[in-house]
>>> print(open('query01.txt').read())   # compact mmCIF, C-alpha atoms
# COMPACT_ATOMS: atom_id res chain seq x y z
CA MET X 9 54.70 113.74 108.67
CA ARG X 10 51.28 112.08 108.98
CA ARG X 11 51.21 108.32 108.77
CA ARG X 12 49.22 106.83 105.91
CA PHE X 13 46.05 105.02 106.98
CA GLU X 14 46.18 101.24 106.82
CA LEU X 15 43.15 99.00 107.23
CA PHE X 16 45.43 96.11 108.22
CA PRO X 17 49.21 95.86 108.49
CA LYS X 18 50.80 95.16 105.11
CA ARG X 19 53.08 92.47 106.50
CA TYR X 20 50.08 90.13 106.93
CA GLY X 21 49.11 90.35 103.27
CA PHE X 22 45.59 89.10 102.41
CA PHE X 23 45.28 86.98 105.56
CA PRO X 24 43.18 89.52 107.57
CA TYR X 25 40.74 89.93 104.68
CA ILE X 26 40.08 86.19 104.34
CA PHE X 27 38.60 86.06 107.85
CA LEU X 28 36.01 88.68 106.93
CA ALA X 29 34.06 85.98 105.05
CA TYR X 30 32.84 84.66 108.44
CA LEU X 31 30.91 87.91 108.95
CA LEU X 32 28.44 86.90 106.25
CA LEU X 33 26.67 84.55 108.71
CA PRO X 34 25.65 87.17 111.30
CA ILE X 35 24.92 89.78 108.61
CA LEU X 36 22.56 87.41 106.80
CA SER X 37 20.86 86.43 110.04
CA LEU X 38 20.29 90.10 110.89
CA THR X 39 18.26 90.58 107.69
CA THR X 40 15.49 88.57 109.34
CA GLN X 41 15.38 90.90 112.35
CA HIS X 42 13.35 94.09 112.65
CA GLY X 43 13.35 97.38 114.51
CA TRP X 44 15.82 98.21 117.26
CA LYS X 45 17.02 94.62 117.50
CA GLN X 46 18.26 94.79 113.92
CA VAL X 47 19.91 98.20 114.49
CA ILE X 48 21.66 96.96 117.64
CA GLY X 49 22.78 93.83 115.76
CA TYR X 50 24.34 95.81 112.92
CA THR X 51 25.99 98.10 115.48
CA LEU X 52 27.52 95.08 117.21
CA VAL X 53 28.83 93.78 113.88
CA ALA X 54 30.34 97.20 113.12
CA LEU X 55 31.95 97.29 116.57
CA PHE X 56 33.21 93.75 115.96
CA LEU X 57 34.98 94.97 112.82
CA VAL X 58 36.61 97.76 114.86
CA THR X 59 37.89 95.27 117.44
CA TYR X 60 39.20 93.03 114.66
CA ARG X 61 41.23 95.85 113.15
CA GLN X 62 42.47 97.20 116.47
CA LEU X 63 43.79 93.81 117.56
CA TYR X 64 46.25 93.87 114.64
CA PHE X 65 47.71 97.17 115.87
CA ALA X 66 47.27 97.01 119.67
CA PRO X 67 50.43 96.26 121.67
CA LYS X 68 50.42 93.14 123.83
CA GLY X 69 49.04 94.10 127.23
CA ARG X 70 45.87 95.64 128.61
CA ALA X 71 44.80 97.26 125.33
CA PHE X 72 45.10 93.95 123.46
CA ALA X 73 43.24 92.05 126.20
CA SER X 74 40.49 94.69 126.30
CA TRP X 75 39.82 94.57 122.56
CA LEU X 76 39.90 90.77 122.66
CA GLY X 77 37.42 90.74 125.57
CA ILE X 78 35.04 93.09 123.72
CA GLN X 79 35.24 90.86 120.65
CA MET X 80 34.37 87.74 122.65
CA GLY X 81 31.53 89.60 124.36
CA ILE X 82 30.00 90.57 120.99
CA ILE X 83 30.19 86.94 119.81
CA PHE X 84 28.46 85.84 123.00
CA ILE X 85 25.61 88.37 122.58
CA LEU X 86 25.11 87.58 118.88
CA SER X 87 25.08 83.84 119.56
CA VAL X 88 22.58 84.02 122.44
CA ALA X 89 20.28 86.86 121.35
CA TYR X 90 20.35 86.46 117.56
CA ASP X 91 21.71 83.31 115.90
CA PRO X 92 23.65 80.39 117.47
CA ASN X 93 25.60 80.10 114.21
CA SER X 94 27.39 83.29 115.28
CA ILE X 95 29.64 81.04 117.38
CA PHE X 96 31.65 80.53 114.18
CA LEU X 97 32.91 84.08 114.70
CA GLY X 98 35.01 82.43 117.40
CA PHE X 99 37.66 81.82 114.73
CA PHE X 100 38.48 85.56 115.00
CA PRO X 101 39.49 85.56 118.70
CA ALA X 102 40.97 82.05 118.28
CA ASN X 103 43.55 83.61 115.97
CA PHE X 104 44.44 86.38 118.40
CA VAL X 105 44.59 84.09 121.44
CA GLY X 106 47.42 82.29 119.62
CA TRP X 107 49.39 85.54 119.63
CA TYR X 108 50.04 85.32 123.36
CA ASP X 109 53.63 84.34 124.15
CA GLU X 110 53.20 83.79 127.89
CA LYS X 111 51.56 80.51 128.85
CA THR X 112 49.39 82.11 131.55
CA ASN X 113 47.84 84.65 129.18
CA PHE X 114 47.47 82.03 126.48
CA LYS X 115 45.65 79.59 128.78
CA ARG X 116 43.42 82.39 130.10
CA GLY X 117 42.52 83.49 126.58
CA LEU X 118 41.81 79.90 125.49
CA PHE X 119 39.59 79.38 128.56
CA PHE X 120 37.45 82.44 127.78
CA LEU X 121 37.27 81.41 124.11
CA VAL X 122 35.84 78.03 125.12
CA LEU X 123 33.31 79.75 127.40
CA THR X 124 32.32 82.21 124.67
CA VAL X 125 31.45 79.37 122.29
CA THR X 126 30.15 76.58 124.54
CA VAL X 127 27.83 78.63 126.81
CA PRO X 128 25.62 79.82 123.88
CA LEU X 129 25.43 76.21 122.66
CA LEU X 130 24.35 74.99 126.08
CA TYR X 131 21.76 77.77 126.21
CA TYR X 132 20.47 76.66 122.81
CA VAL X 133 20.23 73.02 123.97
CA LEU X 134 18.32 73.96 127.15
CA LYS X 135 15.97 76.24 125.25
CA HIS X 136 15.21 74.07 122.22
CA HIS X 137 16.07 70.61 123.61
CA SER X 138 18.21 69.84 120.58
CA PHE X 139 21.87 70.11 119.62
CA PRO X 140 23.30 70.52 116.11
CA PHE X 141 26.11 68.07 116.96
CA PHE X 142 27.19 66.70 113.62
CA TYR X 143 27.90 69.93 111.79
CA THR X 144 29.04 71.92 114.86
CA LEU X 145 31.52 69.61 116.59
CA PRO X 146 34.19 69.42 113.82
CA PHE X 147 34.30 73.22 113.56
CA LEU X 148 34.54 73.55 117.34
CA LEU X 149 37.46 71.14 117.50
CA VAL X 150 39.26 73.09 114.78
CA MET X 151 38.49 76.37 116.57
CA PHE X 152 39.86 75.17 119.91
CA PHE X 153 43.06 73.78 118.37
CA PHE X 154 43.51 76.77 116.09
CA PRO X 155 45.20 78.96 118.77
CA LEU X 156 47.78 76.21 119.38
CA GLY X 157 48.71 76.17 115.70
CA ILE X 158 48.90 79.97 115.50
CA ARG X 159 51.04 80.12 118.64
CA SER X 160 53.39 77.44 117.33
CA MET X 161 53.71 79.23 113.98
CA ASN X 162 54.42 82.60 115.65
CA ARG X 163 57.05 81.06 117.92
CA ARG X 164 58.74 79.45 114.93
CA MET X 165 58.74 82.74 113.04
CA ALA X 166 60.17 84.52 116.10
CA LEU X 167 62.88 81.88 116.40
CA GLU X 168 63.77 82.22 112.72
CA GLN X 169 64.00 85.99 113.18
CA GLU X 170 66.29 85.55 116.20
CA LEU X 171 68.46 83.13 114.22
CA ASP X 172 68.72 85.66 111.38
CA GLN X 173 69.73 88.33 113.88
CA ALA X 174 72.28 85.95 115.41
CA LYS X 175 73.75 85.27 111.96
CA GLU X 176 74.03 89.01 111.33
CA GLN X 177 75.78 89.46 114.69
CA ILE X 178 78.18 86.62 113.87
CA GLU X 179 78.97 88.17 110.49
CA ALA X 180 79.56 91.54 112.15
CA LEU X 181 81.86 89.95 114.75
CA ILE X 182 83.75 88.11 112.01
CA LYS X 183 84.30 91.36 110.12
CA LYS X 184 85.39 93.11 113.33
CA GLU X 185 87.79 90.30 114.22
CA GLU X 186 89.18 90.33 110.69
CA ARG X 187 89.84 94.08 110.91
CA VAL X 188 91.58 93.59 114.26
CA ARG X 189 93.63 90.74 112.83
CA ILE X 190 94.68 92.76 109.79
CA ALA X 191 95.63 95.70 112.00
CA ARG X 192 97.61 93.41 114.30
CA ASP X 193 99.37 91.67 111.42
CA LEU X 194 100.20 94.99 109.75
CA HIS X 195 101.67 96.30 113.00
CA ASP X 196 103.63 93.12 113.73
CA THR X 197 104.98 92.54 110.23
CA LEU X 198 105.35 96.01 108.75
CA GLY X 199 105.92 98.15 111.84
CA HIS X 200 109.49 97.00 112.40
CA THR X 201 110.32 97.08 108.68
CA LEU X 202 109.05 100.62 108.14
CA SER X 203 110.81 101.83 111.29
CA LEU X 204 114.04 100.35 109.94
CA ILE X 205 113.59 102.11 106.59
CA THR X 206 113.01 105.42 108.42
CA LEU X 207 116.18 105.05 110.50
CA LYS X 208 118.29 104.09 107.51
CA SER X 209 116.92 107.00 105.47
CA GLN X 210 117.95 109.39 108.25
CA LEU X 211 121.38 107.74 108.34
CA VAL X 212 121.81 108.12 104.56
CA SER X 213 120.96 111.83 104.73
CA ARG X 214 123.82 112.28 107.20
CA LEU X 215 126.31 110.05 105.32
CA ILE X 216 125.87 111.57 101.84
CA SER X 217 128.21 114.47 102.58
CA VAL X 218 130.57 112.42 104.81
CA ASP X 219 130.90 108.91 103.32
CA ALA X 220 129.26 108.52 99.91
CA ASP X 221 130.25 104.84 99.53
CA LYS X 222 128.71 103.86 102.84
CA ALA X 223 125.63 105.91 101.96
CA LYS X 224 125.28 103.87 98.74
CA LEU X 225 125.41 100.64 100.75
CA GLU X 226 122.73 101.93 103.09
CA VAL X 227 120.55 102.92 100.11
CA LYS X 228 120.93 99.40 98.74
CA GLU X 229 119.85 97.96 102.09
CA ILE X 230 116.86 100.32 102.11
CA GLU X 231 115.90 98.99 98.68
CA GLU X 232 116.11 95.38 99.88
CA THR X 233 114.15 96.21 103.01
CA SER X 234 111.41 97.93 101.02
CA ARG X 235 111.12 94.88 98.77
CA THR X 236 110.77 92.74 101.85
CA ALA X 237 107.99 95.03 103.07
CA LEU X 238 106.26 94.72 99.69
CA ASN X 239 106.41 90.93 99.91
CA GLN X 240 104.99 91.11 103.42
CA VAL X 241 102.07 93.21 102.18
CA ARG X 242 101.42 90.68 99.43
CA GLU X 243 101.44 87.85 101.97
CA LEU X 244 98.98 89.73 104.18
CA VAL X 245 96.62 90.32 101.25
CA THR X 246 96.83 86.65 100.35
CA THR X 247 96.00 85.49 103.88
CA MET X 248 92.95 87.75 104.13
CA ARG X 249 90.84 85.09 102.41
CA ALA X 250 89.64 82.03 104.31
CA VAL X 251 92.23 79.26 104.11
CA LYS X 252 91.18 75.62 104.40
CA VAL X 253 93.15 73.28 106.65
CA GLU X 254 93.98 71.11 103.64
CA GLU X 255 95.53 74.08 101.82
CA GLU X 256 97.54 75.12 104.88
CA LEU X 257 98.86 71.58 105.37
CA ALA X 258 100.31 71.66 101.85
CA GLU X 259 102.07 74.96 102.66
CA VAL X 260 103.30 73.57 105.98
CA GLU X 261 104.80 70.51 104.28
CA ARG X 262 106.76 72.74 101.88
CA MET X 263 107.90 74.96 104.76
CA LEU X 264 109.18 72.02 106.81
CA SER X 265 110.85 70.44 103.79
CA ALA X 266 112.73 73.68 103.09
CA ALA X 267 113.93 73.70 106.71
CA ASN X 268 115.08 70.03 106.49
CA ILE X 269 112.48 68.97 109.08
CA SER X 270 110.72 65.65 108.46
CA TYR X 271 106.97 66.07 108.01
CA HIS X 272 104.60 63.50 109.54
CA TYR X 273 100.85 63.95 109.16
CA GLU X 274 97.83 62.05 110.39
CA GLY X 275 94.22 63.20 110.27
CA THR X 276 90.64 62.91 109.08
CA GLU X 277 88.51 64.71 106.49
CA ILE X 278 87.78 68.30 107.59
CA THR X 279 84.28 69.61 106.81
CA ALA X 280 84.06 72.39 109.43
CA SER X 281 82.85 75.89 108.53
CA PRO X 282 85.22 78.24 106.62
CA LEU X 283 85.57 80.44 109.73
CA LEU X 284 86.75 77.56 111.95
CA GLN X 285 89.04 76.17 109.26
CA ASN X 286 90.57 79.60 108.71
CA ILE X 287 91.29 80.06 112.43
CA MET X 288 92.73 76.53 112.69
CA SER X 289 94.86 77.18 109.60
CA MET X 290 96.27 80.40 111.10
CA CYS X 291 97.11 78.56 114.34
CA LEU X 292 98.76 75.76 112.36
CA LYS X 293 100.82 78.24 110.37
CA GLU X 294 101.91 80.08 113.53
CA ALA X 295 102.88 76.84 115.28
CA VAL X 296 104.90 75.43 112.38
CA THR X 297 106.58 78.81 111.77
CA ASN X 298 107.83 78.77 115.36
CA VAL X 299 109.03 75.18 114.94
CA VAL X 300 111.01 76.14 111.86
CA LYS X 301 112.45 79.34 113.32
CA HIS X 302 113.22 78.36 116.88
CA SER X 303 113.00 74.64 117.69
CA ARG X 304 116.02 73.19 115.86
CA ALA X 305 113.90 70.08 115.47
CA THR X 306 114.46 67.26 113.00
CA ASN X 307 110.89 65.93 113.05
CA CYS X 308 107.46 67.53 113.22
CA TRP X 309 104.29 65.49 113.75
CA ILE X 310 100.94 67.11 112.87
CA THR X 311 97.53 65.66 113.62
CA VAL X 312 94.26 67.35 112.59
CA VAL X 313 91.03 65.47 113.34
CA GLN X 314 87.39 66.46 113.20
CA MET X 315 85.32 64.80 115.92
CA PRO X 316 81.53 65.09 116.45
CA SER X 317 81.83 68.15 118.67
CA VAL X 318 85.34 69.58 118.21
CA LEU X 319 88.05 70.25 115.65
CA GLN X 320 91.44 69.37 117.16
CA MET X 321 95.02 69.90 116.06
CA LYS X 322 98.28 68.66 117.60
CA VAL X 323 101.72 69.89 116.58
CA LYS X 324 104.66 68.01 118.09
CA ASP X 325 108.39 68.46 117.52
CA ASP X 326 111.58 66.95 118.91
CA GLY X 327 113.35 70.29 119.38
CA GLU X 328 114.69 72.20 122.35
CA GLY X 329 111.51 72.78 124.36
CA VAL X 330 108.77 75.31 125.03
CA SER X 331 110.91 78.36 125.74
CA SER X 332 112.51 78.33 122.32
CA SER X 333 109.99 76.45 120.20
CA PHE X 334 106.69 78.15 121.03
CA GLY X 335 107.81 81.30 122.76
CA ASN X 336 106.38 83.58 120.05
CA GLY X 337 102.91 83.91 118.61
CA LEU X 338 101.00 82.44 121.56
CA LYS X 339 99.19 85.70 122.28
CA GLY X 340 97.86 86.01 118.73
CA MET X 341 96.74 82.38 118.72
CA ASN X 342 94.90 82.84 122.01
CA GLU X 343 93.10 85.93 120.68
CA ARG X 344 91.92 84.07 117.59
CA LEU X 345 90.80 81.01 119.55
CA SER X 346 88.91 83.04 122.17
CA PHE X 347 86.71 84.44 119.38
CA VAL X 348 85.21 80.98 118.69
CA GLY X 349 85.45 79.56 122.22
CA GLY X 350 88.57 77.52 121.41
CA GLU X 351 91.45 76.71 123.72
CA MET X 352 95.14 75.90 123.53
CA MET X 353 97.38 73.67 125.66
CA LEU X 354 101.18 73.54 125.53
CA ARG X 355 103.34 70.95 127.26
CA SER X 356 106.97 69.94 126.98
CA GLU X 357 108.75 66.92 128.37
CA LYS X 358 111.14 65.26 125.97
CA GLU X 359 109.04 66.61 123.11
CA THR X 360 107.03 69.78 122.73
CA VAL X 361 103.30 69.30 122.01
CA LEU X 362 100.84 72.07 121.17
CA THR X 363 97.16 71.09 121.23
CA VAL X 364 94.48 73.38 119.79
CA THR X 365 90.78 72.55 120.24
CA ILE X 366 87.88 74.43 118.61
CA PRO X 367 84.19 73.59 119.21
CA LEU X 368 82.38 72.89 115.94
CA VAL X 369 79.51 75.26 116.85
CA GLU X 370 80.60 78.89 117.32
CA ARG X 371 79.88 80.31 120.77
CA SER X 372 77.89 83.24 119.39
CA GLN X 373 75.62 80.91 117.45
CA GLN X 374 74.98 78.73 120.51
CA GLU X 375 73.85 81.77 122.49
CA GLY X 376 71.53 82.81 119.64
CA GLU X 377 69.84 79.39 119.63
CA ARG X 378 69.24 79.38 123.39
CA ARG X 379 67.27 82.62 123.34
>>> encode(input="query01.txt", output="structure tokens")
Amino acid sequence: MRRRFELFPKRYGFFPYIFLAYLLLPILSLTTQHGWKQVIGYTLVALFLVTYRQLYFAPKGRAFASWLGIQMGIIFILSVAYDPNSIFLGFFPANFVGWYDEKTNFKRGLFFLVLTVTVPLLYYVLKHHSFPFFYTLPFLLVMFFFPLGIRSMNRRMALEQELDQAKEQIEALIKKEERVRIARDLHDTLGHTLSLITLKSQLVSRLISVDADKAKLEVKEIEETSRTALNQVRELVTTMRAVKVEEELAEVERMLSAANISYHYEGTEITASPLLQNIMSMCLKEAVTNVVKHSRATNCWITVVQMPSVLQMKVKDDGEGVSSSFGNGLKGMNERLSFVGGEMMLRSEKETVLTVTIPLVERSQQEGERR
């Protein structure tokens, strides 16, 4: 399929057309010329238009530098041989010099731009012994600083584009991690339950003809087990949304109260991102669940503080130690924390203390900002 012809790339809007107003100066000056000099002048202006268009499409490299060099050469010829006011065409290459990303190429382009404009002026001064200082100098200063502004604007736009790409990557990673988490939770919570239902169903099929009463008991247990599985599914669906630390602390307090474990909390206001709060909430839930199930503790102290650079949680209990209190769930917590560059530390002397630390800026976002 043939590509549709474009005079200038659409993404630049009307910007390329605005610059064309500067061509009125050399065109008007050429109306005073005659013969071959006028024909050559109009040819140079036409070639200048070609270079202007090609620079919008040429890839950075030799082709771009060649078109830019031709454009500067035409400005030089028009300024020396026709009208010194043609130096104002220097705003065209000034724009394209600002497109260079590398400092070496940028400095080289700026150097040749200065030569292209100042040499015709010096020639004019030597020839006519006068210099149109007052109306020329302000435009020259703007022209020489113009590439710096263009380069700064392009770099900012490139950085914004990289940040947008980084955000998209973070969102994709979050979705991937969430899928992995759901798969892991489904396997851990429902796998055993469904396997149990399968075994009991096979047992019932054998007992029906042998011991009907026992078969009825097994069917009743299957019913209870299936209801448990249904509740587990509901819990999983509920936890799929992002949970704030404040919400999880309320659940933790109820959980500890039901287990006759005294709840002690100390912390600060949490304003971290939903992703970090959700991961911290899952770690908090896992830690307190293990305290309730395995520690045989009478007290549980929880501290959640947000510092300038990290979000930190400590869960301490006066139970029976690491082997029984936090023996389960550590692998899942480590997997979640590794996603955001967090870390976990567990120690046990007279009391068991679990410390979870999460940096407030996600690792993926930091890498996106460095590029």
>>> residues_around(input="query01.txt", residues="Leu225 (chain X)", least_positions_apart="4", cutoff="12 Å", atoms="only C-alpha atoms", output="PyMOL selection string")
chain X and resi 208-209+211-212+215-216+219-221+229-232
>>> residues_around(input="query01.txt", residues="Lys183 (chain X)", least_positions_apart="4", cutoff="12 Å", atoms="only C-alpha atoms", output="list in words")
Glu176, Gln177, Ile178, Glu179, Arg187, Val188, Arg189, Ile190, Met248, Arg249, Leu283 and Phe347 of chain X
>>> residues_around(input="query01.txt", residues="Leu292 (chain X)", least_positions_apart="5", cutoff="9 Å", atoms="only C-alpha atoms", output="list in words")
Val253, Glu256, Leu257, Val260, Ile287, Thr297, Ile310, Met321, Lys322, Val323 and Val364 of chain X
>>> atom_distance(input="query01.txt", atom1="CA of Glu259 (chain X)", atom2="CA of Lys293 (chain X)")
8.5 Å
>>> closest_residue(input="query01.txt", among="X:Gln62, X:Asn162, X:Asn342, X:Thr201", to="Leu76 (chain X)", atoms="only C-alpha atoms")
X:Gln62
>>> closest_residue(input="query01.txt", among="X:Ala266, X:Ile78, X:Ala73, X:Leu97", to="Ile35 (chain X)", atoms="all atoms listed in the file")
X:Leu97
>>> atom_distance(input="query01.txt", atom1="CA of Ala191 (chain X)", atom2="CA of Val318 (chain X)")
28.8 Å
>>> atom_distance(input="query01.txt", atom1="CA of Val312 (chain X)", atom2="CA of Glu254 (chain X)")
9.7 Å
>>> build_atoms(input="query01.txt", residues="region 204-220 of chain X", atoms="N, CA, C and O atoms", output="mmCIF file, keeping the file's coordinate frame")
data_model
loop_
_atom_site.group_PDB
_atom_site.id
_atom_site.type_symbol
_atom_site.label_atom_id
_atom_site.label_comp_id
_atom_site.auth_asym_id
_atom_site.auth_seq_id
_atom_site.Cartn_x
_atom_site.Cartn_y
_atom_site.Cartn_z
ATOM 1 N N LEU X 204 112.661 100.551 110.394
ATOM 2 C CA LEU X 204 114.040 100.350 109.940
ATOM 3 C C LEU X 204 114.339 101.212 108.718
ATOM 4 O O LEU X 204 115.407 101.831 108.614
ATOM 5 N N ILE X 205 113.399 101.274 107.793
ATOM 6 C CA ILE X 205 113.590 102.110 106.590
ATOM 7 C C ILE X 205 113.735 103.581 106.981
ATOM 8 O O ILE X 205 114.582 104.304 106.433
ATOM 9 N N THR X 206 112.931 104.023 107.961
ATOM 10 C CA THR X 206 113.010 105.420 108.420
ATOM 11 C C THR X 206 114.376 105.725 109.011
ATOM 12 O O THR X 206 114.998 106.765 108.704
ATOM 13 N N LEU X 207 114.877 104.834 109.858
ATOM 14 C CA LEU X 207 116.180 105.050 110.500
ATOM 15 C C LEU X 207 117.305 105.075 109.482
ATOM 16 O O LEU X 207 118.215 105.919 109.542
ATOM 17 N N LYS X 208 117.238 104.137 108.523
ATOM 18 C CA LYS X 208 118.290 104.090 107.510
ATOM 19 C C LYS X 208 118.240 105.308 106.592
ATOM 20 O O LYS X 208 119.281 105.807 106.129
ATOM 21 N N SER X 209 117.039 105.785 106.303
ATOM 22 C CA SER X 209 116.920 107.000 105.470
ATOM 23 C C SER X 209 117.561 108.191 106.166
ATOM 24 O O SER X 209 118.247 109.015 105.535
ATOM 25 N N GLN X 210 117.322 108.305 107.489
ATOM 26 C CA GLN X 210 117.950 109.390 108.250
ATOM 27 C C GLN X 210 119.467 109.247 108.257
ATOM 28 O O GLN X 210 120.201 110.245 108.160
ATOM 29 N N LEU X 211 119.938 107.986 108.341
ATOM 30 C CA LEU X 211 121.380 107.740 108.340
ATOM 31 C C LEU X 211 121.991 108.126 106.993
ATOM 32 O O LEU X 211 123.068 108.738 106.934
ATOM 33 N N VAL X 212 121.303 107.797 105.895
ATOM 34 C CA VAL X 212 121.810 108.120 104.560
ATOM 35 C C VAL X 212 121.919 109.629 104.377
ATOM 36 O O VAL X 212 122.888 110.141 103.792
ATOM 37 N N SER X 213 120.923 110.366 104.885
ATOM 38 C CA SER X 213 120.960 111.830 104.730
ATOM 39 C C SER X 213 122.177 112.431 105.428
ATOM 40 O O SER X 213 122.713 113.463 104.998
ATOM 41 N N ARG X 214 122.626 111.770 106.509
ATOM 42 C CA ARG X 214 123.820 112.280 107.200
ATOM 43 C C ARG X 214 125.107 111.809 106.538
ATOM 44 O O ARG X 214 126.137 112.484 106.592
ATOM 45 N N LEU X 215 125.090 110.618 105.898
ATOM 46 C CA LEU X 215 126.310 110.050 105.320
ATOM 47 C C LEU X 215 126.635 110.572 103.925
ATOM 48 O O LEU X 215 127.773 110.426 103.449
ATOM 49 N N ILE X 216 125.651 111.128 103.233
ATOM 50 C CA ILE X 216 125.870 111.570 101.840
ATOM 51 C C ILE X 216 127.054 112.524 101.732
ATOM 52 O O ILE X 216 127.900 112.411 100.846
ATOM 53 N N SER X 217 127.125 113.482 102.638
ATOM 54 C CA SER X 217 128.210 114.470 102.580
ATOM 55 C C SER X 217 129.474 113.999 103.287
ATOM 56 O O SER X 217 130.533 114.622 103.145
ATOM 57 N N VAL X 218 129.411 112.893 104.030
ATOM 58 C CA VAL X 218 130.570 112.420 104.810
ATOM 59 C C VAL X 218 131.208 111.205 104.169
ATOM 60 O O VAL X 218 132.432 111.143 103.933
ATOM 61 N N ASP X 219 130.391 110.180 103.874
ATOM 62 C CA ASP X 219 130.900 108.910 103.320
ATOM 63 C C ASP X 219 129.924 108.435 102.263
ATOM 64 O O ASP X 219 128.956 107.709 102.540
ATOM 65 N N ALA X 220 130.180 108.830 101.011
ATOM 66 C CA ALA X 220 129.260 108.520 99.910
ATOM 67 C C ALA X 220 129.155 107.022 99.662
ATOM 68 O O ALA X 220 128.068 106.511 99.355
#
